[in-house]
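Asks: Please find run-v6.tsv (TSV, C-alpha atoms) on the next line:
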```
chain	number	residue	atom	x	y	z
A	1	MET	CA	40.18	15.97	52.55
A	2	ALA	CA	43.90	15.78	52.14
A	3	ASP	CA	45.66	12.51	51.42
A	4	GLY	CA	47.71	10.74	54.05
A	5	GLY	CA	44.95	9.61	56.38
A	6	THR	CA	43.41	12.98	57.16
A	7	ARG	CA	39.69	12.65	57.84
A	8	GLY	CA	36.95	15.15	58.46
A	9	VAL	CA	33.87	14.91	60.64
A	10	GLY	CA	31.14	17.49	60.32
A	11	LYS	CA	28.17	18.34	62.51
A	12	LYS	CA	25.73	21.22	62.48
A	13	SER	CA	25.79	23.55	65.46
A	14	ALA	CA	22.51	24.43	67.08
A	15	GLY	CA	21.18	27.87	66.35
A	16	ASP	CA	24.03	29.85	64.78
A	17	GLY	CA	24.13	28.46	61.22
A	18	ASP	CA	27.77	27.36	61.51
A	19	ILE	CA	29.01	23.93	60.56
A	20	ARG	CA	31.81	22.65	62.76
A	21	HIS	CA	34.46	20.38	61.32
A	22	THR	CA	37.12	18.51	63.20
A	23	VAL	CA	40.05	17.60	60.98
A	24	ALA	CA	42.11	14.91	62.64
A	25	HIS	CA	45.79	14.41	61.99
A	26	GLY	CA	46.77	11.79	64.49
A	27	VAL	CA	44.84	11.58	67.76
A	28	ASP	CA	44.44	15.19	68.94
A	29	ALA	CA	42.74	17.64	66.63
A	30	ALA	CA	41.99	21.34	66.66
A	31	PRO	CA	38.44	22.17	65.58
A	32	ALA	CA	37.90	24.43	62.58
A	33	VAL	CA	34.72	26.44	62.03
A	34	GLY	CA	33.38	27.10	58.53
A	35	THR	CA	30.69	29.76	58.34
A	36	VAL	CA	27.95	28.82	55.91
A	37	GLY	CA	25.51	31.16	54.21
A	38	SER	CA	27.41	34.43	54.49
A	39	GLY	CA	28.76	34.19	50.94
A	40	MET	CA	32.33	34.13	52.29
A	41	ASP	CA	33.44	30.84	53.81
A	42	LYS	CA	36.17	30.95	56.38
A	43	ILE	CA	38.04	28.54	58.57
A	44	ARG	CA	38.95	29.43	62.14
A	45	ILE	CA	41.35	27.14	63.93
A	46	GLU	CA	40.92	26.85	67.68
A	47	GLY	CA	43.29	25.01	69.92
A	48	GLY	CA	46.39	25.38	71.97
A	49	ARG	CA	48.97	23.96	69.60
A	50	PRO	CA	50.51	25.11	66.30
A	51	LEU	CA	49.46	23.62	62.99
A	52	ASP	CA	51.83	21.00	61.66
A	53	GLY	CA	51.87	18.81	58.58
A	54	GLU	CA	52.00	18.87	54.83
A	55	ILE	CA	49.41	19.06	52.08
A	56	ALA	CA	49.90	18.73	48.34
A	57	ILE	CA	48.90	21.81	46.36
A	58	SER	CA	47.69	21.08	42.85
A	59	GLY	CA	48.21	23.37	39.88
A	60	ALA	CA	45.74	26.04	38.84
A	61	LYS	CA	42.67	24.73	37.01
A	62	ASN	CA	42.50	27.59	34.52
A	63	ALA	CA	46.18	27.28	33.65
A	64	CYS	CA	45.74	23.59	32.92
A	65	LEU	CA	42.56	24.22	30.91
A	66	THR	CA	44.41	26.62	28.60
A	67	LEU	CA	47.46	24.38	28.19
A	68	MET	CA	45.53	21.21	27.36
A	69	PRO	CA	44.09	22.52	24.03
A	70	ALA	CA	47.58	23.83	23.12
A	71	ALA	CA	48.46	20.17	22.52
A	72	LEU	CA	46.28	20.38	19.39
A	73	LEU	CA	48.87	22.69	17.81
A	74	THR	CA	51.54	20.01	17.47
A	75	ASP	CA	52.06	16.36	16.64
A	76	ALA	CA	54.66	16.17	19.42
A	77	PRO	CA	53.53	14.78	22.80
A	78	LEU	CA	52.78	17.23	25.59
A	79	THR	CA	53.11	16.38	29.29
A	80	LEU	CA	51.45	18.47	31.98
A	81	THR	CA	52.46	17.90	35.59
A	82	ASN	CA	50.73	18.88	38.82
A	83	ALA	CA	47.33	18.95	37.13
A	84	ALA	CA	44.32	19.74	39.27
A	85	ARG	CA	42.00	16.75	39.80
A	86	LEU	CA	38.70	18.44	38.94
A	87	SER	CA	35.67	17.75	36.78
A	88	ASP	CA	36.61	20.54	34.32
A	89	ILE	CA	39.94	18.81	33.66
A	90	ARG	CA	38.09	15.53	33.07
A	91	THR	CA	35.67	17.32	30.72
A	92	MET	CA	38.53	18.85	28.71
A	93	THR	CA	40.16	15.41	28.60
A	94	ALA	CA	36.93	13.96	27.16
A	95	LEU	CA	36.74	16.79	24.60
A	96	LEU	CA	40.34	16.27	23.44
A	97	ARG	CA	39.72	12.51	23.16
A	98	SER	CA	36.57	13.14	21.11
A	99	LEU	CA	38.74	15.13	18.67
A	100	GLY	CA	41.10	12.17	18.31
A	101	ALA	CA	43.82	13.12	20.78
A	102	GLU	CA	45.27	10.48	23.07
A	103	VAL	CA	45.19	11.56	26.71
A	104	ALA	CA	46.72	9.42	29.45
A	105	SER	CA	46.16	10.28	33.10
A	106	LEU	CA	49.11	9.18	35.21
A	107	GLN	CA	50.10	9.35	38.86
A	108	GLU	CA	46.54	9.54	40.21
A	109	ASP	CA	45.55	12.06	37.49
A	110	ARG	CA	48.30	14.51	38.55
A	111	VAL	CA	50.17	14.06	35.24
A	112	LEU	CA	48.50	14.31	31.83
A	113	ALA	CA	50.26	13.00	28.72
A	114	ILE	CA	48.59	14.31	25.54
A	115	SER	CA	49.30	13.40	21.91
A	116	ALA	CA	47.40	15.04	19.07
A	117	ALA	CA	49.31	13.30	16.26
A	118	ASN	CA	46.21	11.58	14.82
A	119	LEU	CA	43.29	13.98	15.06
A	120	GLY	CA	40.00	13.43	13.30
A	121	GLU	CA	37.61	16.07	11.99
A	122	PRO	CA	37.88	19.50	13.65
A	123	HIS	CA	34.36	19.32	15.08
A	124	ALA	CA	33.86	19.57	18.85
A	125	ASP	CA	31.06	17.39	20.22
A	126	TYR	CA	28.23	19.60	21.51
A	127	GLU	CA	27.38	17.16	24.33
A	128	ILE	CA	30.84	17.83	25.80
A	129	VAL	CA	31.14	21.53	24.87
A	130	ARG	CA	27.84	22.41	26.56
A	131	LYS	CA	29.20	21.29	29.94
A	132	MET	CA	32.08	23.74	30.23
A	133	ARG	CA	32.78	27.31	29.23
A	134	ALA	CA	36.50	26.61	28.67
A	135	SER	CA	35.58	24.29	25.77
A	136	ILE	CA	35.82	27.29	23.44
A	137	LEU	CA	39.60	27.13	23.95
A	138	VAL	CA	39.89	24.29	21.42
A	139	LEU	CA	38.63	26.56	18.61
A	140	GLY	CA	41.87	28.49	18.01
A	141	PRO	CA	44.21	25.48	17.92
A	142	MET	CA	41.84	23.53	15.65
A	143	LEU	CA	41.51	26.50	13.30
A	144	ALA	CA	45.29	27.01	13.24
A	145	ARG	CA	45.92	23.33	12.55
A	146	ASP	CA	43.21	22.58	9.99
A	147	GLY	CA	42.17	25.97	8.61
A	148	HIS	CA	38.59	25.36	9.75
A	149	ALA	CA	36.80	24.23	12.88
A	150	ARG	CA	33.33	23.87	14.32
A	151	VAL	CA	32.65	24.47	18.01
A	152	SER	CA	29.25	25.31	19.51
A	153	LEU	CA	28.93	28.17	21.95
A	154	PRO	CA	29.95	26.76	25.30
A	155	GLY	CA	27.80	26.29	28.35
A	156	GLY	CA	28.66	25.47	31.91
A	157	CYS	CA	28.69	28.96	33.39
A	158	ALA	CA	26.83	29.15	36.70
A	159	ILE	CA	27.31	32.94	36.81
A	160	GLY	CA	25.20	33.47	33.70
A	161	ALA	CA	25.89	34.42	30.10
A	162	ARG	CA	29.40	35.80	29.52
A	163	PRO	CA	30.88	36.75	26.16
A	164	VAL	CA	33.56	34.62	24.53
A	165	ASP	CA	34.86	37.33	22.19
A	166	LEU	CA	38.09	37.73	24.16
A	167	HIS	CA	38.91	34.10	23.40
A	168	LEU	CA	38.42	34.64	19.67
```
Would you mind writing the file out in structure tokens?
Replies:
Amino acid sequence: MADGGTRGVGKKSAGDGDIRHTVAHGVDAAPAVGTVGSGMDKIRIEGGRPLDGEIAISGAKNACLTLMPAALLTDAPLTLTNAARLSDIRTMTALLRSLGAEVASLQEDRVLAISAANLGEPHADYEIVRKMRASILVLGPMLARDGHARVSLPGGCAIGARPVDLHL
């Protein structure tokens, strides 16, 4: 749900497999229908009035996941704004911290301040790496900085096994 008091109420329709959601902004709301099970979710807005309001759009997850390990290349602080608030970002934060980087989440996790001035050994913790495919992205910066690095093959891919050779 979006911030600013927007709330959602869901109920299952009888017979057709749809889930109906009413998203309220104020008193009157237009119902939206999300089709479940077809592989392609969609939202249909029904109602006699135009949509009105604002929502905050966060940055792209994959862009943030590639920029975060770039902080390992320098002793200077790096600040990322408009970061997506997702579990993968939290996992990368944990991985960078395990390597000795300082990561501060500011403004409700929308801003990340990263300092890699005091890194430890260039060894990525398997218990963190196994959770997310993007963990391999710390390998290059660690290798460039220290001349050696150790990172297990990453996990976390629901699609199945995918090669990481393009990242190397």
Asks: Between A:Met68, A:Ala76, A:Ile136, A:Leu106, single out the one closest to Thr93 of chain A, counting all atoms listed in the file.
Replies: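 Nearest candidate to Thr93 of chain A out of A:Met68, A:Ala76, A:Ile136, A:Leu106: A:Met68.
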Asks: Taking all atoms listed in the file into account, name the residue in A:Ser105, A:Asp125, A:Thr79, A:Leu72 that is nearest to Ala144 of chain A.
Replies: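 Nearest candidate to Ala144 of chain A out of A:Ser105, A:Asp125, A:Thr79, A:Leu72: A:Leu72.
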Asks: Rounded to one decimal, what separation in Å do you get between atom CA of Ala101 of chain A and atom CA of Ile57 of chain A?
Replies: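 Computed distance, atom CA of Ala101 of chain A to atom CA of Ile57 of chain A, equals 27.5 Å.
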Asks: Between atom CA of Gly59 of chain A and atom CA of Asp75 of chain A, what distance in Å does the model show, to one decimal?
Replies: 24.6 Å
Asks: Which residue is closest to Arg133 of chain A? Choose from A:Asn82, A:Ser152, A:Ser58, A:Asn118 and count only C-alpha atoms.
Replies: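 Ranking A:Asn82, A:Ser152, A:Ser58, A:Asn118 by distance to Arg133 of chain A, first place goes to A:Ser152.
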Asks: Taking into account all atoms listed in the file, which residue in the set A:Pro69, A:Gly48, A:Pro154, A:Pro77 is nearest to Ala113 of chain A?
Replies: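 Ranked by minimum distance to Ala113 of chain A, first place goes to A:Pro77.
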Asks: Using all atoms listed in the file, pick whichever of A:Leu112, A:Leu137, A:Ala124, A:Met132 has the shortest atom-to-atom distance to Arg150 of chain A.
Replies: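 Using all atoms listed in the file, the shortest distance to Arg150 of chain A belongs to A:Ala124.
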Asks: Counting all atoms listed in the file, find residues at most 9 Å from (45.5, 15.6, 35.8) (file frame) and give them as a list in words.
Replies: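 Residues found, by chain and rising number: Cys64, Leu80, Thr81, Asn82, Ala83, Ala84, Arg85, Leu86, Ile89, Arg90, Thr93, Ala104, Ser105, Leu106, Gln107, Glu108, Asp109, Arg110, Val111, Leu112 and Ala113 of chain A.
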Asks: At what distance in Å, to one decimal, does atom CA of Leu65 of chain A lie from atom CA of Asp88 of chain A?
Replies: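 Between these atoms lies a distance of 7.8 Å.
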Asks: Find the residues near Ala149 of chain A: any atom within 7 Å, counting all atoms listed in the file, skip ones fewer than 5 places away on the same chain, and give them as a ChimeraX atom specification.
Replies: /A:122-123,139,142-143
Asks: Could you give me, as a VMD selection string, the residues that sit within 6 Å of (36.8, 21.4, 26.5) in the file's coordinates, counting only C-alpha atoms?
Replies: chain A and resid 91 to 92 95 129 134 to 135
Asks: Can you work out which one of A:Ile55, A:Ile43, A:Val103, A:Leu73 has the shortest atom-to-atom distance to Asp146 of chain A, counting only C-alpha atoms?
Replies: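 Of all the options, A:Leu73 lies closest to Asp146 of chain A.
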